[in-house]
Amino acid sequence: MSTRDAAEQVVLVDGSGAADGSAPRGDVRRDNLRHAATVVLVRHPDRRIFLHRRTDTKDWAPGLWDAGAGGVLRVGEVPVASAARELDEELGVRDVELRPLTTHLFEDGTTRCFEHAYEATWDGEMVLQPEEVAEGHWATLDELAGRLAEPAPRFVPDTVQLLGILAARGIGDYGQLRAITAAIHAGLAFQVTRHGPVRSLEEAAAARGLQPHQVVKTLVVRLADDDHRFVLVPGGREIAWPKLRSLLGVNRLSMPSAGAAREVTGYERGTITPLGATKPWPVVVDAAVTGQVSVGGGAHGVALTVDAAELSGALDATVADVSEPAS
């Protein structure tokens with residue numbers, strides 16, 4: 001870090017992100033002062049994300065990988081202008097639309113910052129700033145999830161938190177990071193498939209290169225306000241309610257609303273999967289779910305093809321006959 005950079009005036013903030021004074025960059029780093037910052041996730045039109053490794057001379061998180069370009073907010077700057085400047089300086093990306101994603105507060109023993117996060121789309125040449133960026137490459141989100149699941153800390157922690165927030169909230173296609181990371185942690189062998197909107201079970205199966213019965217839907221059933229179950233049923237079949245009530249030992253079951261389902265799983269309807277759900281509700285897998293099957297991947301148009309027996313084992317699921325042919 002140069003003498004000029006150390007003296008750079010940085011916006012300090014309170015816990016809500018409101019401006020609360022300023023300090024030289026060197027003081028911010030030395031005293032771990034809470035400050036404002038920006039980060040931009042750069043996506044290719046095919047939805048790959050650009051990853052880069054920070055140089056070993058960076059004043060914070062040297063040598064670690066990052067999925068976002070960004071930095072501190074200077075006095076006199078607004079966040080979007082700061083994000084555009086940092087994106088140009090670090091990666092040579094300019095004149096692109098910066099789409100707001102979220103804001104979040106990150107605090108640990110090494111840095112405290114309130115970040116304004118954006119996303120940009122770019123398919124041009126990357127011009128890496130040699131003092132800040134050692135190397136970089138495009139990666140799919142499942143490749144990114146694999147790296148995030150590795151035990152060694154290889155990524156800057158604030159970006160890890162940001163990606164977790166985006167995934168948990170199901171913003172854009174980041175929801176799949178939760179499902180894929182959970183599948184990796186569970187030791188499952190899987191293949192990710194992606195496709196556009198589909199209008200029927202048959203279209204979904206064709207888009208995934210499978211037969212309709214191999215497309216497994218995850219349903220959420222409500223036993224009580226604070227008690228739910230995931231039920232996995234193959235395509236062409238539906239829950240046989242008397243069988244399921246008998247299995248669970250209850251007289252009444254219901255299906256939560258779309259909003260309630262999202263609240264108890266963390267996923268929007270149409271993307272729900274037990275993998276990476278915000279609450280680990282018990283799982284019931286219908287006995288007809290066998291062989292290679294495709295389950296939701298946590299985002300629209302994303303699915304994971306897995307072995308049904310391995311999936312049931314990883315989820316510690318109850319396997320039982322709880323379905324009947326769809327009417």
# chains A, B, ... in the order shown; residues from 1 in each chain; ligands from 1
call {"tool": "residues_around", "arguments": {"residues": "Leu166 (chain A)", "least_positions_apart": "4", "cutoff": "8 Å", "atoms": "only C-alpha atoms", "output": "PDB file with N, CA and C atoms, in the first residue's frame"}}
result
ATOM      1  N   LEU A 101     -27.729  -5.428  -5.553  1.00  0.00           N
ATOM      2  CA  LEU A 101     -28.100  -6.740  -5.031  1.00  0.00           C
ATOM      3  C   LEU A 101     -28.605  -6.643  -3.599  1.00  0.00           C
ATOM      4  N   THR A 102     -27.776  -6.101  -2.721  1.00  0.00           N
ATOM      5  CA  THR A 102     -28.143  -5.977  -1.312  1.00  0.00           C
ATOM      6  C   THR A 102     -27.084  -5.144  -0.606  1.00  0.00           C
ATOM      7  N   LEU A 162     -21.502 -12.476   1.873  1.00  0.00           N
ATOM      8  CA  LEU A 162     -22.400 -11.911   0.870  1.00  0.00           C
ATOM      9  C   LEU A 162     -23.058 -13.016   0.052  1.00  0.00           C
ATOM     10  N   GLY A 170     -32.447 -16.227  -1.889  1.00  0.00           N
ATOM     11  CA  GLY A 170     -32.871 -16.650  -3.218  1.00  0.00           C
ATOM     12  C   GLY A 170     -32.810 -15.539  -4.241  1.00  0.00           C
ATOM     13  N   ILE A 171     -31.853 -14.643  -4.093  1.00  0.00           N
ATOM     14  CA  ILE A 171     -31.716 -13.526  -5.031  1.00  0.00           C
ATOM     15  C   ILE A 171     -31.069 -14.039  -6.317  1.00  0.00           C
ATOM     16  N   GLY A 172     -31.731 -13.762  -7.450  1.00  0.00           N
ATOM     17  CA  GLY A 172     -31.200 -14.215  -8.728  1.00  0.00           C
ATOM     18  C   GLY A 172     -31.037 -15.727  -8.728  1.00  0.00           C
ATOM     19  N   TYR A 174     -28.463 -17.203  -7.211  1.00  0.00           N
ATOM     20  CA  TYR A 174     -27.506 -17.535  -6.154  1.00  0.00           C
ATOM     21  C   TYR A 174     -28.049 -18.579  -5.184  1.00  0.00           C
ATOM     22  N   GLY A 175     -29.366 -18.821  -5.203  1.00  0.00           N
ATOM     23  CA  GLY A 175     -29.940 -19.822  -4.318  1.00  0.00           C
ATOM     24  C   GLY A 175     -29.334 -21.192  -4.504  1.00  0.00           C
TER      25      GLY A 175
END
call {"tool": "select_by_dssp", "arguments": {"residues": "region 65-243 of chain A", "states": "strand (DSSP E or B)", "output": "ChimeraX atom specification"}}
result
/A:65-66,68-72,74,99-107,112-121,133-139,155,191-194,215-224,227-234,237-239
call {"tool": "closest_residue", "arguments": {"among": "A:Gln9, A:Arg94, A:Leu41, A:Glu202", "to": "Trp138 (chain A)", "atoms": "only C-alpha atoms"}}
result
A:Leu41
call {"tool": "select_by_dssp", "arguments": {"residues": "region 73-320 of chain A", "states": "alpha helix (DSSP H)", "output": "number ranges by chain"}}
result
A: 79-91, 141-148, 157-169, 176-185, 201-208, 241-248, 258-265, 308-314
call {"tool": "write_last_selection", "arguments": {"atoms": "C-alpha atoms", "output": "JSON list (two decimals), in the first residue's frame"}}
result
[["chain", "number", "residue", "atom", "x", "y", "z"],
["A", 79, "PRO", "CA", -21.63, 3.88, -3.54],
["A", 80, "VAL", "CA", -22.48, 3.24, -7.18],
["A", 81, "ALA", "CA", -19.74, 5.60, -8.38],
["A", 82, "SER", "CA", -17.25, 3.98, -6.02],
["A", 83, "ALA", "CA", -18.25, 0.53, -7.30],
["A", 84, "ALA", "CA", -17.79, 1.63, -10.91],
["A", 85, "ARG", "CA", -14.37, 3.10, -10.13],
["A", 86, "GLU", "CA", -13.14, 0.00, -8.32],
["A", 87, "LEU", "CA", -14.45, -2.29, -11.07],
["A", 88, "ASP", "CA", -12.57, -0.30, -13.70],
["A", 89, "GLU", "CA", -9.38, -0.12, -11.63],
["A", 90, "GLU", "CA", -9.24, -3.80, -10.67],
["A", 91, "LEU", "CA", -10.62, -5.59, -13.73],
["A", 141, "LEU", "CA", -21.68, -21.32, -9.72],
["A", 142, "ASP", "CA", -21.33, -25.03, -8.94],
["A", 143, "GLU", "CA", -17.56, -24.70, -9.30],
["A", 144, "LEU", "CA", -17.70, -21.73, -6.96],
["A", 145, "ALA", "CA", -19.82, -23.71, -4.51],
["A", 146, "GLY", "CA", -17.22, -26.46, -4.55],
["A", 147, "ARG", "CA", -14.52, -24.01, -3.60],
["A", 148, "LEU", "CA", -16.63, -22.47, -0.88],
["A", 157, "PRO", "CA", -14.70, -13.72, 4.32],
["A", 158, "ASP", "CA", -16.90, -10.75, 3.48],
["A", 159, "THR", "CA", -17.64, -12.16, 0.03],
["A", 160, "VAL", "CA", -18.39, -15.56, 1.53],
["A", 161, "GLN", "CA", -20.94, -13.86, 3.80],
["A", 162, "LEU", "CA", -22.40, -11.91, 0.87],
["A", 163, "LEU", "CA", -22.82, -15.05, -1.24],
["A", 164, "GLY", "CA", -24.48, -16.76, 1.71],
["A", 165, "ILE", "CA", -26.94, -13.89, 2.08],
["A", 166, "LEU", "CA", -27.77, -13.89, -1.63],
["A", 167, "ALA", "CA", -28.23, -17.66, -1.55],
["A", 168, "ALA", "CA", -30.37, -17.63, 1.59],
["A", 169, "ARG", "CA", -32.64, -14.93, 0.16],
["A", 176, "GLN", "CA", -28.33, -22.80, -5.99],
["A", 177, "LEU", "CA", -25.14, -22.18, -4.01],
["A", 178, "ARG", "CA", -26.88, -23.44, -0.86],
["A", 179, "ALA", "CA", -28.15, -26.62, -2.46],
["A", 180, "ILE", "CA", -24.91, -27.42, -4.25],
["A", 181, "THR", "CA", -22.75, -26.66, -1.22],
["A", 182, "ALA", "CA", -25.00, -28.88, 0.91],
["A", 183, "ALA", "CA", -24.73, -31.71, -1.64],
["A", 184, "ILE", "CA", -20.95, -31.40, -1.61],
["A", 185, "HIS", "CA", -20.81, -31.42, 2.20],
["A", 201, "LEU", "CA", -43.34, -32.38, -16.38],
["A", 202, "GLU", "CA", -42.51, -33.73, -19.82],
["A", 203, "GLU", "CA", -40.71, -30.52, -20.80],
["A", 204, "ALA", "CA", -38.76, -30.52, -17.54],
["A", 205, "ALA", "CA", -37.71, -34.14, -18.06],
["A", 206, "ALA", "CA", -36.63, -33.51, -21.65],
["A", 207, "ALA", "CA", -34.64, -30.43, -20.60],
["A", 208, "ARG", "CA", -32.78, -32.57, -18.03],
["A", 241, "TRP", "CA", -52.66, -38.41, 1.94],
["A", 242, "PRO", "CA", -54.08, -41.33, 3.96],
["A", 243, "LYS", "CA", -50.77, -43.18, 3.60],
["A", 244, "LEU", "CA", -48.74, -40.15, 4.64],
["A", 245, "ARG", "CA", -50.98, -39.36, 7.62],
["A", 246, "SER", "CA", -50.67, -42.97, 8.76],
["A", 247, "LEU", "CA", -46.88, -42.90, 8.40],
["A", 248, "LEU", "CA", -46.57, -39.67, 10.37],
["A", 258, "ALA", "CA", -46.06, -20.13, -1.04],
["A", 259, "GLY", "CA", -44.96, -17.46, 1.42],
["A", 260, "ALA", "CA", -45.05, -19.83, 4.38],
["A", 261, "ALA", "CA", -43.14, -22.48, 2.41],
["A", 262, "ARG", "CA", -40.41, -19.99, 1.66],
["A", 263, "GLU", "CA", -40.27, -18.93, 5.30],
["A", 264, "VAL", "CA", -39.77, -22.49, 6.56],
["A", 265, "THR", "CA", -37.39, -23.68, 3.80],
["A", 308, "ALA", "CA", -31.93, -41.84, -5.13],
["A", 309, "ALA", "CA", -30.53, -44.25, -2.56],
["A", 310, "GLU", "CA", -27.51, -42.04, -1.90],
["A", 311, "LEU", "CA", -29.77, -39.01, -1.58],
["A", 312, "SER", "CA", -32.05, -40.76, 0.90],
["A", 313, "GLY", "CA", -29.04, -41.83, 2.94],
["A", 314, "ALA", "CA", -27.50, -38.36, 2.96]]
call {"tool": "closest_residue", "arguments": {"among": "A:Tyr267, A:Phe50, A:Phe190, A:Tyr118", "to": "Gly70 (chain A)", "atoms": "only C-alpha atoms"}}
result
A:Tyr118
call {"tool": "closest_residue", "arguments": {"among": "A:Val250, A:Leu315, A:Val28, A:Ile49", "to": "Leu223 (chain A)", "atoms": "only C-alpha atoms"}}
result
A:Val250
call {"tool": "closest_residue", "arguments": {"among": "A:Thr110, A:Gln191, A:Ser323, A:Ser257", "to": "Ala287 (chain A)", "atoms": "only C-alpha atoms"}}
result
A:Ser323
call {"tool": "closest_residue", "arguments": {"among": "A:Asp59, A:Asp14, A:Asp46, A:Asp66", "to": "Gly26 (chain A)", "atoms": "only C-alpha atoms"}}
result
A:Asp59
call {"tool": "atom_distance", "arguments": {"atom1": "CA of Gly266 (chain A)", "atom2": "CA of Ala120 (chain A)"}}
result
25.0 Å
call {"tool": "closest_residue", "arguments": {"among": "A:Phe106, A:His52, A:Pro62, A:Phe114", "to": "Val11 (chain A)", "atoms": "only C-alpha atoms"}}
result
A:Phe114
call {"tool": "decode", "arguments": {"residues": "region 13-62 of chain A", "atoms": "N, CA and C atoms", "output": "tab-separated table (two decimals), in the first residue's frame"}}
result
chain	number	residue	atom	x	y	z
A	13	VAL	N	-18.81	4.51	9.09
A	13	VAL	CA	-20.26	4.35	9.21
A	13	VAL	C	-20.61	3.71	10.55
A	14	ASP	N	-21.90	3.83	10.91
A	14	ASP	CA	-22.39	3.09	12.07
A	14	ASP	C	-22.88	1.72	11.60
A	15	GLY	N	-23.47	0.96	12.50
A	15	GLY	CA	-23.89	-0.39	12.16
A	15	GLY	C	-24.98	-0.49	11.11
A	16	SER	N	-25.70	0.62	10.89
A	16	SER	CA	-26.76	0.62	9.87
A	16	SER	C	-26.27	1.12	8.52
A	17	GLY	N	-25.00	1.52	8.46
A	17	GLY	CA	-24.44	2.02	7.21
A	17	GLY	C	-24.49	3.52	7.05
A	18	ALA	N	-25.01	4.22	8.04
A	18	ALA	CA	-25.08	5.69	7.97
A	18	ALA	C	-23.70	6.29	8.21
A	19	ALA	N	-23.36	7.33	7.44
A	19	ALA	CA	-22.05	7.98	7.57
A	19	ALA	C	-21.82	8.47	8.99
A	20	ASP	N	-20.60	8.22	9.47
A	20	ASP	CA	-20.27	8.57	10.85
A	20	ASP	C	-18.82	9.07	10.94
A	21	GLY	N	-18.48	9.99	10.01
A	21	GLY	CA	-17.14	10.55	10.02
A	21	GLY	C	-16.25	9.97	8.93
A	22	SER	N	-14.96	10.19	9.04
A	22	SER	CA	-14.01	9.70	8.06
A	22	SER	C	-12.67	9.49	8.75
A	23	ALA	N	-11.78	8.75	8.07
A	23	ALA	CA	-10.44	8.50	8.60
A	23	ALA	C	-9.55	8.09	7.45
A	24	PRO	N	-8.22	8.32	7.56
A	24	PRO	CA	-7.31	7.84	6.53
A	24	PRO	C	-7.37	6.32	6.42
A	25	ARG	N	-7.18	5.81	5.22
A	25	ARG	CA	-7.25	4.37	4.98
A	25	ARG	C	-6.30	3.61	5.91
A	26	GLY	N	-5.11	4.14	6.11
A	26	GLY	CA	-4.16	3.47	6.98
A	26	GLY	C	-4.70	3.29	8.39
A	27	ASP	N	-5.40	4.32	8.91
A	27	ASP	CA	-5.99	4.22	10.24
A	27	ASP	C	-7.13	3.21	10.26
A	28	VAL	N	-7.90	3.17	9.17
A	28	VAL	CA	-9.02	2.23	9.08
A	28	VAL	C	-8.51	0.80	9.22
A	29	ARG	N	-7.42	0.49	8.50
A	29	ARG	CA	-6.87	-0.85	8.56
A	29	ARG	C	-6.21	-1.13	9.92
A	30	ARG	N	-5.45	-0.18	10.39
A	30	ARG	CA	-4.71	-0.39	11.64
A	30	ARG	C	-5.65	-0.58	12.83
A	31	ASP	N	-6.70	0.24	12.90
A	31	ASP	CA	-7.59	0.23	14.06
A	31	ASP	C	-8.89	-0.53	13.82
A	32	ASN	N	-8.99	-1.15	12.63
A	32	ASN	CA	-10.20	-1.90	12.28
A	32	ASN	C	-11.46	-1.07	12.49
A	33	LEU	N	-11.47	0.11	11.87
A	33	LEU	CA	-12.62	1.00	11.98
A	33	LEU	C	-13.72	0.56	11.03
A	34	ARG	N	-14.96	0.68	11.50
A	34	ARG	CA	-16.09	0.32	10.63
A	34	ARG	C	-16.23	1.36	9.53
A	35	HIS	N	-16.27	0.88	8.28
A	35	HIS	CA	-16.27	1.80	7.14
A	35	HIS	C	-17.21	1.31	6.05
A	36	ALA	N	-17.46	2.18	5.09
A	36	ALA	CA	-18.31	1.83	3.95
A	36	ALA	C	-17.46	1.25	2.83
A	37	ALA	N	-18.03	0.32	2.09
A	37	ALA	CA	-17.30	-0.33	1.00
A	37	ALA	C	-18.29	-0.74	-0.08
A	38	THR	N	-17.74	-1.12	-1.23
A	38	THR	CA	-18.56	-1.62	-2.33
A	38	THR	C	-17.97	-2.91	-2.85
A	39	VAL	N	-18.80	-3.71	-3.50
A	39	VAL	CA	-18.34	-4.94	-4.14
A	39	VAL	C	-19.23	-5.20	-5.35
A	40	VAL	N	-18.61	-5.66	-6.44
A	40	VAL	CA	-19.35	-5.96	-7.67
A	40	VAL	C	-19.05	-7.39	-8.08
A	41	LEU	N	-20.10	-8.21	-8.21
A	41	LEU	CA	-19.96	-9.56	-8.75
A	41	LEU	C	-20.13	-9.47	-10.25
A	42	VAL	N	-19.13	-9.94	-10.99
A	42	VAL	CA	-19.15	-9.83	-12.45
A	42	VAL	C	-19.59	-11.17	-13.03
A	43	ARG	N	-20.67	-11.14	-13.79
A	43	ARG	CA	-21.23	-12.35	-14.40
A	43	ARG	C	-21.11	-12.29	-15.91
A	44	HIS	N	-20.74	-13.41	-16.50
A	44	HIS	CA	-20.72	-13.55	-17.95
A	44	HIS	C	-22.17	-13.70	-18.43
A	45	PRO	N	-22.48	-13.38	-19.69
A	45	PRO	CA	-23.85	-13.60	-20.16
A	45	PRO	C	-24.34	-15.03	-19.99
A	46	ASP	N	-23.42	-16.01	-19.94
A	46	ASP	CA	-23.83	-17.40	-19.71
A	46	ASP	C	-23.95	-17.72	-18.23
A	47	ARG	N	-23.82	-16.70	-17.37
A	47	ARG	CA	-24.01	-16.76	-15.92
A	47	ARG	C	-22.82	-17.33	-15.16
A	48	ARG	N	-21.69	-17.56	-15.82
A	48	ARG	CA	-20.48	-17.83	-15.05
A	48	ARG	C	-20.11	-16.56	-14.27
A	49	ILE	N	-19.31	-16.75	-13.24
A	49	ILE	CA	-18.91	-15.64	-12.39
A	49	ILE	C	-17.40	-15.52	-12.42
A	50	PHE	N	-16.89	-14.28	-12.38
A	50	PHE	CA	-15.45	-14.09	-12.47
A	50	PHE	C	-14.82	-14.17	-11.08
A	51	LEU	N	-13.85	-15.06	-10.94
A	51	LEU	CA	-13.11	-15.21	-9.70
A	51	LEU	C	-11.70	-14.68	-9.90
A	52	HIS	N	-11.16	-14.05	-8.87
A	52	HIS	CA	-9.78	-13.58	-8.98
A	52	HIS	C	-9.07	-13.75	-7.64
A	53	ARG	N	-7.75	-13.89	-7.73
A	53	ARG	CA	-6.94	-14.02	-6.52
A	53	ARG	C	-6.24	-12.70	-6.24
A	54	ARG	N	-6.38	-12.26	-5.01
A	54	ARG	CA	-5.76	-11.02	-4.59
A	54	ARG	C	-4.25	-11.20	-4.48
A	55	THR	N	-3.52	-10.14	-4.75
A	55	THR	CA	-2.07	-10.23	-4.66
A	55	THR	C	-1.63	-10.40	-3.21
A	56	ASP	N	-0.43	-10.88	-3.04
A	56	ASP	CA	0.09	-11.11	-1.69
A	56	ASP	C	0.48	-9.82	-0.99
A	57	THR	N	0.40	-8.70	-1.70
A	57	THR	CA	0.77	-7.41	-1.09
A	57	THR	C	-0.45	-6.59	-0.67
A	58	LYS	N	-1.65	-7.11	-0.85
A	58	LYS	CA	-2.86	-6.38	-0.44
A	58	LYS	C	-2.82	-6.14	1.06
A	59	ASP	N	-3.39	-5.00	1.48
A	59	ASP	CA	-3.36	-4.65	2.90
A	59	ASP	C	-4.40	-5.42	3.71
A	60	TRP	N	-5.29	-6.13	3.06
A	60	TRP	CA	-6.25	-6.99	3.74
A	60	TRP	C	-6.51	-8.23	2.91
A	61	ALA	N	-6.59	-9.38	3.54
A	61	ALA	CA	-6.86	-10.67	2.90
A	61	ALA	C	-5.93	-10.94	1.72
A	62	PRO	N	-4.62	-10.76	1.90
A	62	PRO	CA	-3.70	-10.99	0.79
A	62	PRO	C	-3.70	-12.46	0.35
